[in-house]
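Participant: Coordinates in work-v8.tsv, TSV, C-alpha atoms, are listed below.
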chain	number	residue	atom	x	y	z
A	21	MET	CA	0.00	0.00	0.00
A	22	ALA	CA	1.47	3.31	-1.05
A	23	LYS	CA	1.81	5.99	1.59
A	24	ASN	CA	1.02	9.59	0.85
A	25	ILE	CA	3.74	12.21	1.00
A	26	LYS	CA	2.40	13.78	4.21
A	27	ASP	CA	2.60	10.41	6.02
A	28	ILE	CA	6.16	9.89	4.81
A	29	ALA	CA	7.15	13.40	5.90
A	30	ASP	CA	5.50	12.80	9.27
A	31	GLN	CA	7.59	9.64	9.82
A	32	TYR	CA	10.79	11.61	9.30
A	33	ALA	CA	9.47	14.44	11.50
A	34	LYS	CA	8.52	12.06	14.31
A	35	ALA	CA	11.94	10.43	14.19
A	36	ILE	CA	13.81	13.73	14.40
A	37	PHE	CA	11.39	14.97	17.09
A	38	GLU	CA	11.96	11.88	19.24
A	39	LEU	CA	15.72	12.09	18.79
A	40	ALA	CA	15.74	15.79	19.69
A	41	SER	CA	13.58	15.04	22.74
A	42	GLU	CA	15.93	12.29	23.92
A	43	GLN	CA	18.91	14.61	23.52
A	44	ASN	CA	17.13	17.58	25.17
A	45	GLN	CA	17.67	19.61	21.98
A	46	LEU	CA	14.08	20.35	20.95
A	47	ASP	CA	14.48	24.13	20.97
A	48	ASP	CA	17.84	24.01	19.16
A	49	VAL	CA	16.52	21.62	16.51
A	50	LEU	CA	13.42	23.76	16.04
A	51	ARG	CA	15.60	26.84	15.54
A	52	ASP	CA	17.79	25.01	13.02
A	53	LEU	CA	14.79	23.70	11.09
A	54	GLU	CA	13.13	27.13	11.04
A	55	THR	CA	16.34	28.59	9.62
A	56	ILE	CA	16.43	25.93	6.91
A	57	GLN	CA	12.72	26.50	6.17
A	58	LYS	CA	13.37	30.22	5.79
A	59	LEU	CA	16.25	29.58	3.39
A	60	ILE	CA	14.12	27.21	1.31
A	61	THR	CA	11.24	29.71	1.24
A	62	GLU	CA	13.50	32.59	0.24
A	63	ASN	CA	15.15	30.47	-2.46
A	64	PRO	CA	12.32	28.47	-4.06
A	65	SER	CA	14.57	27.08	-6.80
A	66	PHE	CA	16.90	25.46	-4.24
A	67	VAL	CA	15.03	22.15	-4.14
A	68	THR	CA	14.82	22.08	-7.94
A	69	VAL	CA	18.56	22.68	-8.24
A	70	VAL	CA	19.58	20.18	-5.57
A	71	THR	CA	17.34	17.46	-7.04
A	72	ALA	CA	18.39	18.06	-10.66
A	73	SER	CA	19.53	14.86	-12.35
A	74	ASP	CA	22.50	16.57	-14.01
A	75	LEU	CA	23.94	17.75	-10.67
A	76	THR	CA	27.00	15.79	-9.58
A	77	THR	CA	26.94	13.98	-6.26
A	78	THR	CA	29.76	16.18	-4.97
A	79	ASP	CA	27.93	19.39	-5.91
A	80	ARG	CA	24.71	18.09	-4.32
A	81	GLU	CA	26.55	17.25	-1.10
A	82	GLN	CA	28.18	20.70	-1.04
A	83	LEU	CA	24.82	22.43	-1.52
A	84	LEU	CA	23.28	20.38	1.29
A	85	GLN	CA	26.25	21.08	3.57
A	86	THR	CA	25.81	24.79	2.90
A	87	LEU	CA	22.11	24.47	3.76
A	88	THR	CA	22.82	22.73	7.06
A	89	LYS	CA	26.00	24.55	8.05
A	90	GLY	CA	25.98	25.19	11.79
A	91	ALA	CA	22.88	23.00	12.33
A	92	ALA	CA	22.75	20.18	14.86
A	93	GLU	CA	24.27	16.91	13.71
A	94	SER	CA	20.84	15.28	13.75
A	95	ILE	CA	19.58	17.88	11.25
A	96	GLN	CA	22.59	17.37	9.01
A	97	ASN	CA	21.96	13.61	9.11
A	98	LEU	CA	18.26	14.12	8.37
A	99	VAL	CA	19.04	16.14	5.26
A	100	LYS	CA	21.63	13.57	4.12
A	101	LEU	CA	19.11	10.77	4.66
A	102	LEU	CA	16.42	12.60	2.71
A	103	ALA	CA	18.87	13.20	-0.13
A	104	ARG	CA	20.03	9.57	-0.13
A	105	ASN	CA	16.40	8.41	-0.29
A	106	ASP	CA	15.54	10.91	-3.06
A	107	ARG	CA	13.17	12.70	-0.70
A	108	ILE	CA	14.84	16.11	-0.35
A	109	ASP	CA	11.76	17.54	-2.08
A	110	ILE	CA	9.72	16.85	1.09
A	111	LEU	CA	12.14	18.60	3.46
A	112	SER	CA	9.83	21.59	3.83
A	113	LEU	CA	6.91	19.31	4.67
A	114	VAL	CA	9.07	17.40	7.19
A	115	ILE	CA	9.87	20.71	8.88
A	116	ASP	CA	6.17	21.66	8.99
A	117	GLN	CA	5.33	18.31	10.57
A	118	PHE	CA	8.16	18.69	13.11
A	119	VAL	CA	6.78	22.12	14.08
A	120	ASN	CA	3.33	20.53	14.55
A	121	HIS	CA	4.81	17.89	16.90
A	122	TYR	CA	6.79	20.55	18.75
A	123	ASN	CA	3.75	22.79	19.19
A	124	GLU	CA	1.62	19.89	20.38
A	125	ALA	CA	4.23	18.86	22.95
A	126	LYS	CA	4.64	22.42	24.21
A	127	GLY	CA	0.91	23.27	24.25
A	128	ILE	CA	1.30	25.90	21.53
A	129	VAL	CA	-1.70	26.50	19.28
A	130	ASP	CA	-1.83	28.57	16.09
A	131	VAL	CA	-5.19	30.31	15.77
A	132	LYS	CA	-6.74	32.28	12.95
A	133	ALA	CA	-9.10	35.00	14.18
A	134	THR	CA	-11.43	35.99	11.35
A	135	THR	CA	-13.17	39.32	11.90
A	136	ALA	CA	-15.07	41.83	9.78
A	137	VAL	CA	-12.53	44.55	10.61
A	138	ALA	CA	-8.86	44.45	11.61
A	139	LEU	CA	-8.20	44.13	15.34
A	140	ASP	CA	-5.47	45.85	17.32
A	141	ASP	CA	-2.90	43.88	19.29
A	142	GLN	CA	-4.71	44.42	22.60
A	143	ARG	CA	-7.93	42.82	21.30
A	144	LEU	CA	-6.00	39.99	19.68
A	145	ASP	CA	-4.25	39.32	23.00
A	146	LYS	CA	-7.64	39.15	24.74
A	147	LEU	CA	-8.92	36.69	22.13
A	148	ALA	CA	-5.76	34.60	22.56
A	149	THR	CA	-6.33	34.53	26.32
A	150	VAL	CA	-9.97	33.48	25.88
A	151	PHE	CA	-8.96	30.73	23.45
A	152	ALA	CA	-6.23	29.49	25.81
A	153	THR	CA	-8.68	29.43	28.71
A	154	LYS	CA	-11.31	27.50	26.75
A	155	THR	CA	-8.89	24.97	25.26
A	156	GLY	CA	-6.15	24.65	27.89
A	157	ALA	CA	-3.45	25.80	25.48
A	158	LYS	CA	-0.30	27.09	27.14
A	159	GLN	CA	0.49	29.54	24.35
A	160	VAL	CA	-1.68	30.87	21.53
A	161	ASN	CA	-0.18	32.38	18.38
A	162	ILE	CA	-3.00	34.38	16.87
A	163	GLU	CA	-3.30	35.78	13.36
A	164	ASN	CA	-6.04	38.22	12.36
A	165	VAL	CA	-7.73	37.66	9.01
A	166	VAL	CA	-10.25	40.25	7.80
A	167	ASP	CA	-13.37	38.96	6.04
A	168	SER	CA	-16.17	41.52	5.82
A	169	SER	CA	-18.65	38.82	4.76
A	170	ILE	CA	-18.96	37.61	8.38
A	171	LEU	CA	-20.62	40.99	9.15
A	172	GLY	CA	-19.39	41.11	12.75
A	173	GLY	CA	-18.20	38.98	15.63
A	174	VAL	CA	-15.25	36.63	15.40
A	175	ILE	CA	-14.41	33.14	14.21
A	176	LEU	CA	-11.51	31.48	16.06
A	177	GLN	CA	-10.05	28.48	14.27
A	178	SER	CA	-7.11	26.28	15.10
A	179	GLN	CA	-6.10	23.01	13.51
A	180	SER	CA	-8.70	21.10	15.52
A	181	ILE	CA	-11.05	23.66	17.11
A	182	LEU	CA	-13.59	26.06	15.62
A	183	ILE	CA	-15.37	28.68	17.69
A	184	ASP	CA	-17.80	30.55	15.46
A	185	GLY	CA	-19.18	33.71	17.04
A	186	SER	CA	-19.80	35.50	13.75
A	187	LEU	CA	-22.91	37.53	13.15
A	188	GLN	CA	-23.36	35.78	9.81
A	189	THR	CA	-23.65	32.37	11.52
A	190	LYS	CA	-26.01	33.71	14.20
A	191	ILE	CA	-28.29	35.17	11.52
A	192	ALA	CA	-28.22	31.89	9.59
A	193	LYS	CA	-29.20	29.95	12.74
A	194	MET	CA	-32.04	32.35	13.49
A	195	LYS	CA	-33.26	32.10	9.89
A	196	ALA	CA	-33.20	28.29	10.05
A	197	GLN	CA	-35.20	28.35	13.30
A	198	LEU	CA	-37.78	30.77	11.91
A	199	LEU	CA	-38.22	28.88	8.66
A	200	GLY	CA	-38.23	25.54	10.42
As structure tokens - that is how I would like this structure written.
Facilitator:
Amino acid sequence: MAKNIKDIADQYAKAIFELASEQNQLDDVLRDLETIQKLITENPSFVTVVTASDLTTTDREQLLQTLTKGAAESIQNLVKLLARNDRIDILSLVIDQFVNHYNEAKGIVDVKATTAVALDDQRLDKLATVFATKTGAKQVNIENVVDSSILGGVILQSQSILIDGSLQTKIAKMKAQLLG
């Protein structure tokens, strides 16, 4: 049975997460991976270049060493392993999955607050506090998204939780009750 790319990336991410946990290097590994992710994002052709069939093995190794220079040995080994298994193209996804495992372990939740108008930092902080209280999250990273179609109120959405306090939804519920 073929596995999908996300599952494969998650296996690598779990392995590096467990190793970093055992070595008490979670924060260092996260920092290294975020640096690599930033480099990949800023240089979108990097993966294409490093996976090119006409690139020599020596040049590929040098590019990967440059990418991981100064990173923990476990990160350097991860990148080498991905390259050896012709999976360097999923490195970004592996990093995303690692961040998910890290956030889950640390009680960190990313939340999107959808509102009809932009909110200032003080209101966003209050929403983050409310979300943390309701869900038990230790830290809430909140991002404000403006969508005038919700009319008013707020929709708080994380990866697994949705709190819809929008005026649009309240009106739709009232309409459904009135029309039966």
Participant: What is the distance between atom CA of Lys193 of chain A and atom CA of Ala133 of chain A, in Å to one decimal?
Facilitator: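 Going from atom CA of Lys193 of chain A over to atom CA of Ala133 of chain A, I get 20.8 Å.
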Participant: Which of these residues is nearest to Arg143 of chain A, using all atoms listed in the file: A:Val174, A:Ile128, A:Phe37, A:Gln85?
Facilitator: A:Val174
Participant: Just the residues within 12 Å of segment 59-65 of chain A, please, counting all atoms listed in the file, with nothing from its chain fewer than 6 positions along; format it as a PDB file with C-alpha atoms, in the coordinates of the input.
Facilitator:
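Listed below is the output, part-v4.pdb:
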ATOM      1  CA  ASP A  52      17.790  25.010  13.020  1.00  0.00           C
ATOM      2  CA  LEU A  53      14.790  23.700  11.090  1.00  0.00           C
ATOM      3  CA  THR A  71      17.340  17.460  -7.040  1.00  0.00           C
ATOM      4  CA  ALA A  72      18.390  18.060 -10.660  1.00  0.00           C
ATOM      5  CA  LEU A  84      23.280  20.380   1.290  1.00  0.00           C
ATOM      6  CA  THR A  86      25.810  24.790   2.900  1.00  0.00           C
ATOM      7  CA  LEU A  87      22.110  24.470   3.760  1.00  0.00           C
ATOM      8  CA  THR A  88      22.820  22.730   7.060  1.00  0.00           C
ATOM      9  CA  LYS A  89      26.000  24.550   8.050  1.00  0.00           C
ATOM     10  CA  ILE A 108      14.840  16.110  -0.350  1.00  0.00           C
ATOM     11  CA  ASP A 109      11.760  17.540  -2.080  1.00  0.00           C
ATOM     12  CA  ILE A 110       9.720  16.850   1.090  1.00  0.00           C
ATOM     13  CA  LEU A 111      12.140  18.600   3.460  1.00  0.00           C
ATOM     14  CA  SER A 112       9.830  21.590   3.830  1.00  0.00           C
ATOM     15  CA  LEU A 113       6.910  19.310   4.670  1.00  0.00           C
ATOM     16  CA  ILE A 115       9.870  20.710   8.880  1.00  0.00           C
TER      17      ILE A 115
END
Participant: Applying 9 Å and all atoms listed in the file, which residues near Leu83 of chain A remain after dropping the ones on its own chain fewer than 5 positions away? List them as a list in words.
Facilitator: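 What passes the distance filter is Phe66, Val70, Thr78 and Thr88 of chain A.
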Participant: Take the residues from that selection and write them out as a PDB file, keeping the file's coordinate frame, keeping C-alpha atoms.
Facilitator:
ATOM      1  CA  PHE A  66      16.900  25.460  -4.240  1.00  0.00           C
ATOM      2  CA  VAL A  70      19.580  20.180  -5.570  1.00  0.00           C
ATOM      3  CA  THR A  78      29.760  16.180  -4.970  1.00  0.00           C
ATOM      4  CA  THR A  88      22.820  22.730   7.060  1.00  0.00           C
TER       5      THR A  88
END
Participant: Rank A:Lys126, A:Val114, A:Phe151, A:Asp145 by their smallest atom-to-atom distance to Gln31 of chain A, using all atoms listed in the file, and report the top residue only.
Facilitator: A:Val114
